[in-house]
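Written out below as structure tokens is the structure these notes cover.
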Amino acid sequence: MAKFGCPAKFISMVQQFHDGMYARVQKDGEYSQPFPVGNGVKQGCVLASTLFSMMFTAILTDAFREGNIGVPFRYRTDGKLLNHQGLQAKTKVHEAIARDFLFADDCAMNASTQADMQRTMDLFTRACDEFGLTISTNKTEVNHQPAPSAVYTEPHVTIKGQRLIVANKFTYLGSTLSRSINIDEEVTFRIAKASTAFGRLKQNVWD
């Protein structure tokens with residue numbers, strides 16, 4: 001927290017909220033004996049998401065401080081985005097790299113090649129180890145989206161020697177991601193969900 005400019009007094013207050021923290025587990029209506037919590041934050045704490053975001057940002061900063069791996073893209077902000085010749089110009093064109101996308105405690109890593117993806121995972125894994133964070137390999141999946149004219153080859157990415165699951169398609173936050181780069185399946189999926197929602201309103205609204 002100090003790295004992000006939080007004052008010492010505020011850091012001390014947060015520490016006091018978590019020092020000496022105990023938790024219990026409920027099973028079949030009965031609670032276990034209290035046990036000390038050595039890491040993590042309080043369940044339901046309003047600060048939990050902010051604290052985790054700060055920690056995750058610190059992990060990513062530490063992991064990729066020496067590398068610029070990701071998916072590069074060029075853009076401009078003068079209203080001429082669809083002018084392909086304009087994107088070749090050296091002026092008014094910005095370059096950026098999309099490497100990681102975060103949502104709560106989920107993280108999606110991006111790379112242009114399998115070698116870069118493996119390098120990304122190696123750096124990220126090392127940083128997680130240094131911060132005491134464990135990556136669940138059972139919940140970590142790889143999705144490869146080849147160019148339209150390219151032949152699909154199944155990716156081989158590992159974490160500490162364990163190969164990650166290759167997902168041809170999965171749904172996350174209502175969006176369907178697949179190895180196909182067209183959006184036909186996504187459009188069909190969303191139309192089906194909307195149709196189902198409208199169908200539930202038939203008796204109470206439409207009739």
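Just so we're on the same page: first chain in the structure tokens is A, next is B, and so on; residues restart at 1 for each chain, and ligands are numbered from 1 in the order they show up.
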Item checked: Residues flagged strand (DSSP E or B) by DSSP in stretch 26-79 of chain A, as a PyMOL selection string -> chain A and resi 26-27+30-31+35-36+71-75
With N, CA and C atoms kept, could you save the residues just selected as a short mmCIF file (atom, residue, chain, number, x, y, z; two decimals), in the first residue's frame?
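Ended up saving to selection20.cif:
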```cif
data_model
loop_
_atom_site.label_atom_id
_atom_site.label_comp_id
_atom_site.auth_asym_id
_atom_site.auth_seq_id
_atom_site.Cartn_x
_atom_site.Cartn_y
_atom_site.Cartn_z
N GLN A 26 -18.66 -23.17 8.33
CA GLN A 26 -19.97 -23.75 8.64
C GLN A 26 -20.24 -24.97 7.75
N LYS A 27 -20.67 -26.04 8.38
CA LYS A 27 -21.01 -27.26 7.66
C LYS A 27 -22.23 -27.90 8.32
N GLU A 30 -23.51 -26.34 11.48
CA GLU A 30 -22.62 -26.27 12.64
C GLU A 30 -21.31 -25.57 12.25
N TYR A 31 -20.77 -24.82 13.20
CA TYR A 31 -19.55 -24.06 12.97
C TYR A 31 -18.34 -24.80 13.54
N PHE A 35 -10.15 -20.54 13.83
CA PHE A 35 -8.74 -20.77 13.49
C PHE A 35 -8.15 -19.48 12.93
N PRO A 36 -6.86 -19.26 13.15
CA PRO A 36 -6.23 -18.00 12.69
C PRO A 36 -6.11 -17.97 11.17
N VAL A 71 -0.29 -8.07 -26.91
CA VAL A 71 -0.82 -7.89 -28.26
C VAL A 71 -0.73 -6.41 -28.61
N PRO A 72 0.18 -6.03 -29.51
CA PRO A 72 0.32 -4.61 -29.86
C PRO A 72 -0.79 -4.15 -30.78
N PHE A 73 -1.22 -2.91 -30.63
CA PHE A 73 -2.20 -2.34 -31.54
C PHE A 73 -1.95 -0.84 -31.67
N ARG A 74 -2.38 -0.31 -32.82
CA ARG A 74 -2.21 1.10 -33.11
C ARG A 74 -3.58 1.77 -33.17
N TYR A 75 -3.65 2.99 -32.70
CA TYR A 75 -4.92 3.70 -32.71
C TYR A 75 -4.68 5.20 -32.82
#
```
Set out as a Markdown table a contact list for stretch 123-181 of chain A and stretch 186-204 of chain A with a cut-off of 12 Å, giving each residue of stretch 123-181 of chain A that qualifies its closest atom pair and distance in Å to one decimal, counting only C-alpha atoms, ordered by chain and rising residue number.
```
| residue | atom | partner | partner_atom | distance |
| --- | --- | --- | --- | --- |
| A:Lys169 | CA | A:Glu186 | CA | 10.6 |
| A:Phe170 | CA | A:Glu186 | CA | 10.8 |
| A:Thr171 | CA | A:Glu186 | CA | 9.6 |
| A:Tyr172 | CA | A:Glu186 | CA | 11.6 |
| A:Gly174 | CA | A:Arg190 | CA | 8.4 |
| A:Ser175 | CA | A:Glu186 | CA | 6.9 |
| A:Thr176 | CA | A:Glu186 | CA | 5.6 |
| A:Leu177 | CA | A:Glu186 | CA | 7.7 |
| A:Ser178 | CA | A:Glu186 | CA | 8.9 |
| A:Arg179 | CA | A:Glu186 | CA | 11.9 |
| A:Ser180 | CA | A:Glu186 | CA | 10.3 |
| A:Ile181 | CA | A:Glu186 | CA | 10.2 |
```
Selected residues, N, CA and C atoms, written as a PDB file, in the first residue's frame, please.
```
ATOM      1  N   LYS A 169     -14.006 -23.153 -26.455  1.00  0.00           N
ATOM      2  CA  LYS A 169     -15.081 -22.193 -26.238  1.00  0.00           C
ATOM      3  C   LYS A 169     -15.422 -22.155 -24.761  1.00  0.00           C
ATOM      4  N   PHE A 170     -15.658 -20.963 -24.237  1.00  0.00           N
ATOM      5  CA  PHE A 170     -16.159 -20.847 -22.876  1.00  0.00           C
ATOM      6  C   PHE A 170     -16.869 -19.498 -22.717  1.00  0.00           C
ATOM      7  N   THR A 171     -17.760 -19.446 -21.753  1.00  0.00           N
ATOM      8  CA  THR A 171     -18.553 -18.239 -21.514  1.00  0.00           C
ATOM      9  C   THR A 171     -18.071 -17.558 -20.248  1.00  0.00           C
ATOM     10  N   TYR A 172     -17.846 -16.262 -20.336  1.00  0.00           N
ATOM     11  CA  TYR A 172     -17.376 -15.500 -19.184  1.00  0.00           C
ATOM     12  C   TYR A 172     -18.098 -14.166 -19.148  1.00  0.00           C
ATOM     13  N   GLY A 174     -21.138 -13.468 -19.418  1.00  0.00           N
ATOM     14  CA  GLY A 174     -22.176 -13.344 -20.425  1.00  0.00           C
ATOM     15  C   GLY A 174     -21.686 -13.321 -21.854  1.00  0.00           C
ATOM     16  N   SER A 175     -20.374 -13.337 -22.052  1.00  0.00           N
ATOM     17  CA  SER A 175     -19.814 -13.333 -23.405  1.00  0.00           C
ATOM     18  C   SER A 175     -19.225 -14.695 -23.734  1.00  0.00           C
ATOM     19  N   THR A 176     -19.445 -15.131 -24.963  1.00  0.00           N
ATOM     20  CA  THR A 176     -18.913 -16.411 -25.413  1.00  0.00           C
ATOM     21  C   THR A 176     -17.610 -16.179 -26.169  1.00  0.00           C
ATOM     22  N   LEU A 177     -16.541 -16.754 -25.674  1.00  0.00           N
ATOM     23  CA  LEU A 177     -15.234 -16.662 -26.320  1.00  0.00           C
ATOM     24  C   LEU A 177     -14.907 -18.009 -26.937  1.00  0.00           C
ATOM     25  N   SER A 178     -14.478 -18.005 -28.186  1.00  0.00           N
ATOM     26  CA  SER A 178     -14.157 -19.256 -28.865  1.00  0.00           C
ATOM     27  C   SER A 178     -12.902 -19.073 -29.703  1.00  0.00           C
ATOM     28  N   ARG A 179     -12.433 -20.169 -30.293  1.00  0.00           N
ATOM     29  CA  ARG A 179     -11.230 -20.087 -31.114  1.00  0.00           C
ATOM     30  C   ARG A 179     -11.516 -19.441 -32.463  1.00  0.00           C
ATOM     31  N   SER A 180     -12.802 -19.277 -32.800  1.00  0.00           N
ATOM     32  CA  SER A 180     -13.183 -18.583 -34.029  1.00  0.00           C
ATOM     33  C   SER A 180     -13.225 -17.091 -33.768  1.00  0.00           C
ATOM     34  N   ILE A 181     -12.680 -16.296 -34.686  1.00  0.00           N
ATOM     35  CA  ILE A 181     -12.620 -14.853 -34.448  1.00  0.00           C
ATOM     36  C   ILE A 181     -13.868 -14.128 -34.940  1.00  0.00           C
TER      37      ILE A 181
END
```
Check: Please, what distance in Å, to one decimal, runs between atom CA of A:Arg119 and atom CA of A:Thr134?
Finding: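 Atom CA of A:Arg119 sits 17.9 Å away from atom CA of A:Thr134.
Our summary of the geometry notes that atom CA of A:Val142 is positioned 6.6 Å from atom CA of A:Leu164.
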Margin query: So that I can check the surroundings of A:Ala2, please list as a list in words every protein, DNA and RNA residue that reaches within 12 Å of it, counting only C-alpha atoms and ignoring chain neighbours fewer than 4 positions away.
Written below: Cys6, Pro7, Ala8, Lys9, Phe10, Ile11, Ser12, Leu51, Met54, Met55 and Ala58 of chain A
Notebook entry, point to check: What gap, in Å, lies between atom CA of A:Asp100 and atom CA of A:His18?
Noted result: 29.2 Å
Next item on the list: Using DSSP on the backbone, list every residue of stretch 28-164 of chain A that comes out as alpha helix (DSSP H), and give them as an MDAnalysis selection string.
Entry: chainID A and resid 48:63 114:131
Next item on the list: Please provide as a ChimeraX atom specification all residues within 9 Å of A:Gln114, with the sequence filter that same-chain residues fewer than 2 positions apart are discarded (counting only C-alpha atoms).
Entry: /A:111-112,116-119,144,155-157
Take the residues just selected and output them with C-alpha atoms as a PDB file, in the first residue's frame.
```pdb
ATOM      1  CA  ALA A 111      -0.009 -12.668 -26.326  1.00  0.00           C
ATOM      2  CA  SER A 112       0.587 -12.800 -30.078  1.00  0.00           C
ATOM      3  CA  ASP A 116       5.187 -15.136 -25.777  1.00  0.00           C
ATOM      4  CA  MET A 117       2.230 -16.720 -23.962  1.00  0.00           C
ATOM      5  CA  GLN A 118       4.534 -19.232 -22.270  1.00  0.00           C
ATOM      6  CA  ARG A 119       6.963 -16.455 -21.352  1.00  0.00           C
ATOM      7  CA  HIS A 144      -6.076 -19.766 -29.241  1.00  0.00           C
ATOM      8  CA  PRO A 155      -1.526 -24.483 -28.035  1.00  0.00           C
ATOM      9  CA  HIS A 156       0.764 -26.024 -25.449  1.00  0.00           C
ATOM     10  CA  VAL A 157       1.232 -23.743 -22.438  1.00  0.00           C
TER      11      VAL A 157
END
```
Checklist line | Best match for closeness to A:Val37 among A:Glu185, A:Ser53, A:Gly20, A:Thr77, counting only C-alpha atoms | finding: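 That would be A:Gly20, the residue with the smallest distance to A:Val37.
Minimum atom-to-atom distances from A:Asn182, A:His94, A:Ser32, A:Asp62 to A:Glu130 were compared using only C-alpha atoms, and the lowest value belongs to A:Asp62.
Shortest atom-to-atom contact with A:Arg126 among A:Phe64, A:Tyr22, A:Phe4, A:Trp206: A:Phe64, counting only C-alpha atoms.
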